[in-house]
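Trainee: Please find protein_12.txt (compact mmCIF, C-alpha atoms) on the next line:
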```
# COMPACT_ATOMS: atom_id res chain seq x y z
CA ALA U 42 -8.71 29.31 12.57
CA THR U 43 -8.76 25.54 12.25
CA VAL U 44 -5.79 23.40 11.25
CA VAL U 45 -6.39 19.92 9.84
CA VAL U 46 -3.55 17.41 10.19
CA ALA U 47 -3.87 14.61 7.65
CA ALA U 48 -0.26 13.50 7.50
CA GLY U 49 -0.53 9.70 7.33
CA ALA U 50 2.49 8.00 8.88
CA TRP U 51 3.84 11.37 10.08
CA SER U 52 0.68 12.26 12.06
CA ALA U 53 1.98 11.07 15.44
CA ARG U 54 5.20 13.05 14.95
CA LEU U 55 3.25 16.21 14.26
CA VAL U 56 0.64 15.60 16.98
CA PRO U 57 2.41 13.81 19.88
CA ALA U 58 -0.91 13.18 21.66
CA LEU U 59 -1.59 10.54 18.98
CA ARG U 60 1.53 8.44 19.65
CA ASP U 61 -0.36 5.90 21.76
CA VAL U 62 -3.10 5.33 19.19
CA LEU U 63 -1.22 5.38 15.87
CA THR U 64 1.38 3.00 14.43
CA PRO U 65 3.20 3.66 11.18
CA ALA U 66 3.45 0.55 9.01
CA ALA U 67 4.86 -0.44 5.64
CA GLN U 68 3.76 -2.99 3.05
CA PRO U 69 5.34 -4.06 -0.23
CA VAL U 70 3.77 -2.83 -3.45
CA VAL U 71 4.91 -3.59 -6.99
CA TYR U 72 3.97 -2.24 -10.40
CA LEU U 73 4.19 -4.84 -13.14
CA LYS U 74 3.87 -5.09 -16.91
CA PRO U 75 2.41 -8.19 -18.55
CA GLN U 76 4.50 -10.04 -21.11
CA ASP U 77 2.59 -8.65 -24.11
CA ASP U 78 -0.23 -6.38 -25.29
CA ALA U 79 -2.78 -9.20 -25.18
CA GLY U 80 -2.03 -9.77 -21.49
CA ALA U 81 -2.33 -6.05 -20.80
CA ALA U 82 -5.64 -5.85 -22.66
CA ALA U 83 -7.04 -8.76 -20.64
CA LEU U 84 -5.95 -7.12 -17.39
CA ARG U 85 -7.64 -3.80 -18.21
CA ASN U 86 -10.98 -5.51 -17.54
CA VAL U 87 -10.03 -6.97 -14.17
CA PRO U 88 -11.87 -5.19 -11.32
CA VAL U 89 -10.11 -3.82 -8.27
CA TYR U 90 -9.48 -6.95 -6.25
CA CYS U 91 -8.60 -8.23 -2.79
CA ILE U 92 -7.51 -11.83 -2.30
CA GLU U 93 -7.25 -13.40 1.14
CA LEU U 94 -4.33 -15.80 1.39
CA ALA U 95 -3.00 -17.59 4.47
CA LYS U 96 -2.18 -14.85 7.01
CA ARG U 97 -2.06 -12.09 4.39
CA GLY U 98 -4.08 -10.33 1.80
CA ILE U 99 -3.23 -9.19 -1.69
CA TYR U 100 -4.93 -6.27 -3.41
CA GLY U 101 -4.56 -4.71 -6.78
CA PHE U 102 -5.89 -2.65 -9.61
CA PRO U 103 -6.56 -3.35 -13.28
CA ALA U 104 -3.99 -2.43 -15.91
CA ASP U 105 -3.76 1.29 -16.55
CA ARG U 106 -3.46 2.85 -20.03
CA THR U 107 0.23 1.83 -20.17
CA GLY U 108 -0.63 -1.80 -19.32
CA THR U 109 0.86 -1.56 -15.82
CA VAL U 110 -0.87 -3.32 -12.93
CA LYS U 111 -0.45 -2.63 -9.23
CA LEU U 112 -0.15 -5.48 -6.74
CA GLY U 113 0.11 -4.81 -3.02
CA HIS U 114 0.34 -6.78 0.18
CA HIS U 115 -1.98 -6.23 3.12
CA GLY U 116 -1.14 -7.81 6.45
CA PRO U 117 0.80 -6.98 9.59
CA GLY U 118 3.57 -5.41 7.53
CA VAL U 119 6.58 -3.71 9.06
CA ARG U 120 5.13 -2.21 12.25
CA GLY U 121 6.62 0.99 13.68
CA PHE U 122 8.22 1.79 10.34
CA ASP U 123 10.03 5.12 10.18
CA PRO U 124 8.36 6.92 7.24
CA ASP U 125 11.60 8.76 6.50
CA ARG U 126 13.49 5.48 6.07
CA CYS U 127 14.48 3.95 2.72
CA ARG U 128 11.50 2.29 1.04
CA GLU U 129 13.42 -0.13 -1.15
CA LEU U 130 12.26 -3.76 -1.25
CA SER U 131 14.61 -6.72 -1.04
CA PRO U 132 15.13 -8.62 -4.31
CA GLU U 133 13.50 -11.65 -2.64
CA THR U 134 10.33 -9.72 -1.81
CA VAL U 135 10.16 -8.28 -5.33
CA GLU U 136 10.48 -11.76 -6.82
CA GLN U 137 7.82 -13.17 -4.45
CA MET U 138 5.38 -10.46 -5.52
CA ARG U 139 6.20 -10.91 -9.23
CA SER U 140 5.78 -14.68 -8.96
CA LEU U 141 2.47 -14.17 -7.17
CA ALA U 142 1.24 -11.99 -10.06
CA ASP U 143 2.26 -14.76 -12.48
CA SER U 144 0.14 -17.27 -10.55
CA ILE U 145 -2.89 -14.97 -10.11
CA PHE U 146 -2.91 -13.71 -13.71
CA PRO U 147 -1.36 -16.38 -15.95
CA ARG U 148 -2.49 -14.52 -19.12
CA GLY U 149 -0.01 -11.77 -18.29
CA ALA U 150 2.84 -14.03 -17.16
CA PRO U 151 5.71 -13.68 -16.98
CA PHE U 152 5.35 -10.18 -15.55
CA ARG U 153 8.17 -7.64 -15.62
CA VAL U 154 8.66 -5.41 -12.56
CA VAL U 155 8.42 -1.72 -13.44
CA HIS U 156 8.67 -0.31 -9.91
CA ALA U 157 8.71 -1.71 -6.37
CA ARG U 158 8.70 -0.01 -2.98
CA LEU U 159 7.36 -0.06 0.54
CA CYS U 160 4.03 1.73 0.84
CA VAL U 161 3.92 3.62 4.14
CA TYR U 162 0.69 4.32 6.00
CA THR U 163 -0.59 4.52 9.54
CA ASP U 164 -2.97 2.32 11.50
CA SER U 165 -5.05 3.35 14.48
CA CYS U 166 -5.09 1.03 17.52
CA ASP U 167 -8.56 -0.28 16.60
CA GLY U 168 -8.20 -0.13 12.81
CA ASP U 169 -10.73 2.69 12.43
CA PHE U 170 -10.19 6.10 10.93
CA ILE U 171 -9.61 9.01 13.31
CA ILE U 172 -11.38 12.12 12.08
CA SER U 173 -11.98 14.44 14.98
CA ALA U 174 -11.15 17.62 16.81
CA LEU U 175 -8.31 16.94 19.23
CA PRO U 176 -9.51 17.38 22.83
CA GLY U 177 -7.63 20.15 24.60
CA ALA U 178 -6.20 21.59 21.40
CA GLN U 179 -8.57 24.26 20.18
CA GLY U 180 -8.68 24.60 16.40
CA LEU U 181 -6.87 21.32 15.71
CA VAL U 182 -8.58 18.54 13.75
CA VAL U 183 -6.91 15.25 12.87
CA ALA U 184 -7.77 12.95 9.95
CA THR U 185 -5.64 9.83 10.08
CA GLY U 186 -5.54 6.10 10.76
CA GLY U 187 -6.14 3.60 7.98
CA SER U 188 -4.51 6.01 5.57
CA GLY U 189 -3.73 3.33 3.00
CA HIS U 190 -7.40 2.42 2.76
CA GLY U 191 -8.58 6.02 3.11
CA PHE U 192 -6.68 6.90 -0.04
CA LYS U 193 -8.16 4.02 -2.02
```
Can you present the structure in this file as structure tokens?

Mentor:
Amino acid sequence: ATVVVAAGAWSARLVPALRDVLTPAAQPVVYLKPQDDAGAAALRNVPVYCIELAKRGIYGFPADRTGTVKLGHHGPGVRGFDPDRCRELSPETVEQMRSLADSIFPRGAPFRVVHARLCVYTDSCDGDFIISALPGAQGLVVATGGSGHGFK
């Protein structure tokens, strides 16, 4: 039998041999509603995007059928984050992300925050995915590293 471990930020806990090559991390993500239906309609046609800003990146998705858009941060994040820890964002971080959405998409401004949290994922030491049988552990395959991007 073969067991596949694809447990994101929990992978190194489940497979201790991975502790030296995986680091759990957390990034803020917010879900926002534009001020009105016209703003939501305009944002339904926005492609998936990634914007490089000074020392950080911002990514997001077009408005869904409810008019909600997703805006996330990509950068160093909170390294070594315990995936079982509270994922609540500070009010300051939420406001920074909301204000950023207002500046990126003025047709939807002012945005209203629907949901905000820390998105937890795991990075490999070189930033690449790890999809492989684990040496010395017959029947064990791991699929991890870059889990935030692997999902998208």

Trainee: Let me make sure I understand: among U:Leu84, U:Ala79, U:Ala42, U:Ala184, which one has the smallest atom-to-atom distance to Ala142 of chain U if we use only C-alpha atoms?

Mentor: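 So, comparing all the options, the nearest one is U:Leu84.
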
Trainee: Which residue gives the smallest distance to Arg126 of chain U among U:Ala67, U:Val87, U:Asp78, U:Thr43, with only C-alpha atoms counted?

Mentor: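 For Arg126 of chain U, the nearest of the candidates is U:Ala67.
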
Trainee: Which of these, U:Pro176, U:Gly116, U:Pro88, U:Pro69, has the shortest distance to Ser131 of chain U once you count only C-alpha atoms?

Mentor: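 Nearest to Ser131 of chain U: U:Pro69.
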
Trainee: Select all residues near (-11.7, 15.6, 11.8) (cut-off 9 Å, inclusive, file coordinates), counting all atoms listed in the file, and output them as a short mmCIF file (atom, residue, chain, number, x, y, z; two decimals) with C-alpha atoms, in the coordinates of the input.

Mentor:
```
data_model
loop_
_atom_site.label_atom_id
_atom_site.label_comp_id
_atom_site.auth_asym_id
_atom_site.auth_seq_id
_atom_site.Cartn_x
_atom_site.Cartn_y
_atom_site.Cartn_z
CA VAL U 45 -6.39 19.92 9.84
CA VAL U 46 -3.55 17.41 10.19
CA ALA U 47 -3.87 14.61 7.65
CA ILE U 171 -9.61 9.01 13.31
CA ILE U 172 -11.38 12.12 12.08
CA SER U 173 -11.98 14.44 14.98
CA ALA U 174 -11.15 17.62 16.81
CA LEU U 175 -8.31 16.94 19.23
CA LEU U 181 -6.87 21.32 15.71
CA VAL U 182 -8.58 18.54 13.75
CA VAL U 183 -6.91 15.25 12.87
CA ALA U 184 -7.77 12.95 9.95
CA THR U 185 -5.64 9.83 10.08
#
```

Trainee: Nearest residue to Thr134 of chain U out of U:Ala104, U:Cys91, U:Val119, U:Val70, using only C-alpha atoms?

Mentor: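 Result for the nearest residue to Thr134 of chain U: U:Val70.
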
Trainee: Just to confirm, what's the straight-line distance from atom CA of Val135 of chain U to atom CA of Ala157 of chain U in Å (one decimal)?

Mentor: 6.8 Å

Trainee: Using only C-alpha atoms, can you tell me which of U:Ala48, U:Pro57, U:Thr64, U:Ala81 comes closest to Gly108 of chain U?

Mentor: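 Looking only at the distances to Gly108 of chain U, the closest residue turns out to be U:Ala81.
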
Trainee: Nearest residue to His156 of chain U out of U:Leu130, U:Leu94, U:Val56, U:Val89, using only C-alpha atoms?

Mentor: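 Ranking U:Leu130, U:Leu94, U:Val56, U:Val89 by distance to His156 of chain U, first place goes to U:Leu130.
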
Trainee: So that I can see what lies close to Gly121 of chain U, please list as a count of residues only the residues with an atom at most 10 Å from it, counting all atoms listed in the file and leaving out residues fewer than 2 positions away in the same chain.

Mentor: 12

Trainee: Quick one: everything within 10 Å of Phe146 of chain U, counting all atoms listed in the file, minus sequence neighbours fewer than 3 positions away in the same chain. Send it as a list in words.

Mentor: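 My list of contacting residues is Pro75, Gly80, Ala83, Leu84, Val87, Ser140, Leu141, Ala142, Asp143, Gly149, Ala150, Pro151 and Phe152 of chain U.
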
Trainee: Would you compute the distance between atom CA of Glu133 of chain U and atom CA of Trp51 of chain U? Give it in Å to one decimal.

Mentor: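 Those two atoms sit 28.0 Å apart.
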
Trainee: One number please: atom CA of His115 of chain U to atom CA of Ala58 of chain U, in Å, one decimal.

Mentor: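 It comes out at 26.9 Å.
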
Trainee: Name all residues at most 12 Å from Val71 of chain U (count all atoms listed in the file; drop same-chain ones fewer than 2 positions away) and give them as JSON, numbers by chain.

Mentor: {"U": [68, 69, 73, 74, 99, 100, 101, 102, 109, 110, 111, 112, 113, 114, 128, 129, 130, 131, 132, 134, 135, 136, 137, 138, 139, 140, 141, 142, 152, 153, 154, 155, 156, 157, 158, 159, 160]}

Trainee: Could I see segment 128-144 of chain U restored to N, CA, C and O atoms, set down as a PDB file, in the frame of the given file?

Mentor:
```pdb
ATOM      1  N   ARG U 128      12.678   3.101   1.341  1.00  0.00           N
ATOM      2  CA  ARG U 128      11.500   2.290   1.040  1.00  0.00           C
ATOM      3  C   ARG U 128      11.781   1.203   0.003  1.00  0.00           C
ATOM      4  O   ARG U 128      10.880   0.658  -0.599  1.00  0.00           O
ATOM      5  N   GLU U 129      13.041   0.871  -0.172  1.00  0.00           N
ATOM      6  CA  GLU U 129      13.420  -0.130  -1.150  1.00  0.00           C
ATOM      7  C   GLU U 129      13.034  -1.531  -0.662  1.00  0.00           C
ATOM      8  O   GLU U 129      13.162  -1.842   0.518  1.00  0.00           O
ATOM      9  N   LEU U 130      12.590  -2.376  -1.576  1.00  0.00           N
ATOM     10  CA  LEU U 130      12.260  -3.760  -1.250  1.00  0.00           C
ATOM     11  C   LEU U 130      13.462  -4.661  -1.527  1.00  0.00           C
ATOM     12  O   LEU U 130      14.262  -4.380  -2.422  1.00  0.00           O
ATOM     13  N   SER U 131      13.551  -5.747  -0.784  1.00  0.00           N
ATOM     14  CA  SER U 131      14.610  -6.720  -1.040  1.00  0.00           C
ATOM     15  C   SER U 131      14.320  -7.416  -2.378  1.00  0.00           C
ATOM     16  O   SER U 131      13.160  -7.547  -2.781  1.00  0.00           O
ATOM     17  N   PRO U 132      15.349  -7.875  -3.057  1.00  0.00           N
ATOM     18  CA  PRO U 132      15.130  -8.620  -4.310  1.00  0.00           C
ATOM     19  C   PRO U 132      14.229  -9.843  -4.094  1.00  0.00           C
ATOM     20  O   PRO U 132      13.430 -10.187  -4.963  1.00  0.00           O
ATOM     21  N   GLU U 133      14.334 -10.481  -2.933  1.00  0.00           N
ATOM     22  CA  GLU U 133      13.500 -11.650  -2.640  1.00  0.00           C
ATOM     23  C   GLU U 133      12.030 -11.284  -2.560  1.00  0.00           C
ATOM     24  O   GLU U 133      11.175 -11.993  -3.095  1.00  0.00           O
ATOM     25  N   THR U 134      11.718 -10.163  -1.918  1.00  0.00           N
ATOM     26  CA  THR U 134      10.330  -9.720  -1.810  1.00  0.00           C
ATOM     27  C   THR U 134       9.774  -9.347  -3.176  1.00  0.00           C
ATOM     28  O   THR U 134       8.646  -9.691  -3.520  1.00  0.00           O
ATOM     29  N   VAL U 135      10.583  -8.661  -3.975  1.00  0.00           N
ATOM     30  CA  VAL U 135      10.160  -8.280  -5.330  1.00  0.00           C
ATOM     31  C   VAL U 135       9.838  -9.532  -6.130  1.00  0.00           C
ATOM     32  O   VAL U 135       8.797  -9.621  -6.794  1.00  0.00           O
ATOM     33  N   GLU U 136      10.706 -10.529  -6.059  1.00  0.00           N
ATOM     34  CA  GLU U 136      10.480 -11.760  -6.820  1.00  0.00           C
ATOM     35  C   GLU U 136       9.253 -12.509  -6.311  1.00  0.00           C
ATOM     36  O   GLU U 136       8.485 -13.064  -7.105  1.00  0.00           O
ATOM     37  N   GLN U 137       9.024 -12.521  -5.001  1.00  0.00           N
ATOM     38  CA  GLN U 137       7.820 -13.170  -4.450  1.00  0.00           C
ATOM     39  C   GLN U 137       6.560 -12.507  -5.004  1.00  0.00           C
ATOM     40  O   GLN U 137       5.605 -13.188  -5.397  1.00  0.00           O
ATOM     41  N   MET U 138       6.542 -11.184  -5.032  1.00  0.00           N
ATOM     42  CA  MET U 138       5.380 -10.460  -5.520  1.00  0.00           C
ATOM     43  C   MET U 138       5.198 -10.683  -7.027  1.00  0.00           C
ATOM     44  O   MET U 138       4.088 -10.894  -7.508  1.00  0.00           O
ATOM     45  N   ARG U 139       6.283 -10.673  -7.793  1.00  0.00           N
ATOM     46  CA  ARG U 139       6.200 -10.910  -9.230  1.00  0.00           C
ATOM     47  C   ARG U 139       5.683 -12.318  -9.516  1.00  0.00           C
ATOM     48  O   ARG U 139       4.793 -12.517 -10.351  1.00  0.00           O
ATOM     49  N   SER U 140       6.205 -13.286  -8.800  1.00  0.00           N
ATOM     50  CA  SER U 140       5.780 -14.680  -8.960  1.00  0.00           C
ATOM     51  C   SER U 140       4.309 -14.844  -8.592  1.00  0.00           C
ATOM     52  O   SER U 140       3.573 -15.602  -9.239  1.00  0.00           O
ATOM     53  N   LEU U 141       3.875 -14.125  -7.564  1.00  0.00           N
ATOM     54  CA  LEU U 141       2.470 -14.170  -7.170  1.00  0.00           C
ATOM     55  C   LEU U 141       1.585 -13.629  -8.296  1.00  0.00           C
ATOM     56  O   LEU U 141       0.545 -14.209  -8.612  1.00  0.00           O
ATOM     57  N   ALA U 142       2.004 -12.538  -8.919  1.00  0.00           N
ATOM     58  CA  ALA U 142       1.240 -11.990 -10.060  1.00  0.00           C
ATOM     59  C   ALA U 142       1.167 -13.022 -11.178  1.00  0.00           C
ATOM     60  O   ALA U 142       0.108 -13.201 -11.792  1.00  0.00           O
ATOM     61  N   ASP U 143       2.261 -13.716 -11.443  1.00  0.00           N
ATOM     62  CA  ASP U 143       2.260 -14.760 -12.480  1.00  0.00           C
ATOM     63  C   ASP U 143       1.209 -15.823 -12.171  1.00  0.00           C
ATOM     64  O   ASP U 143       0.520 -16.300 -13.072  1.00  0.00           O
ATOM     65  N   SER U 144       1.083 -16.209 -10.896  1.00  0.00           N
ATOM     66  CA  SER U 144       0.140 -17.270 -10.550  1.00  0.00           C
ATOM     67  C   SER U 144      -1.308 -16.780 -10.529  1.00  0.00           C
ATOM     68  O   SER U 144      -2.222 -17.523 -10.875  1.00  0.00           O
TER      69      SER U 144
END
```
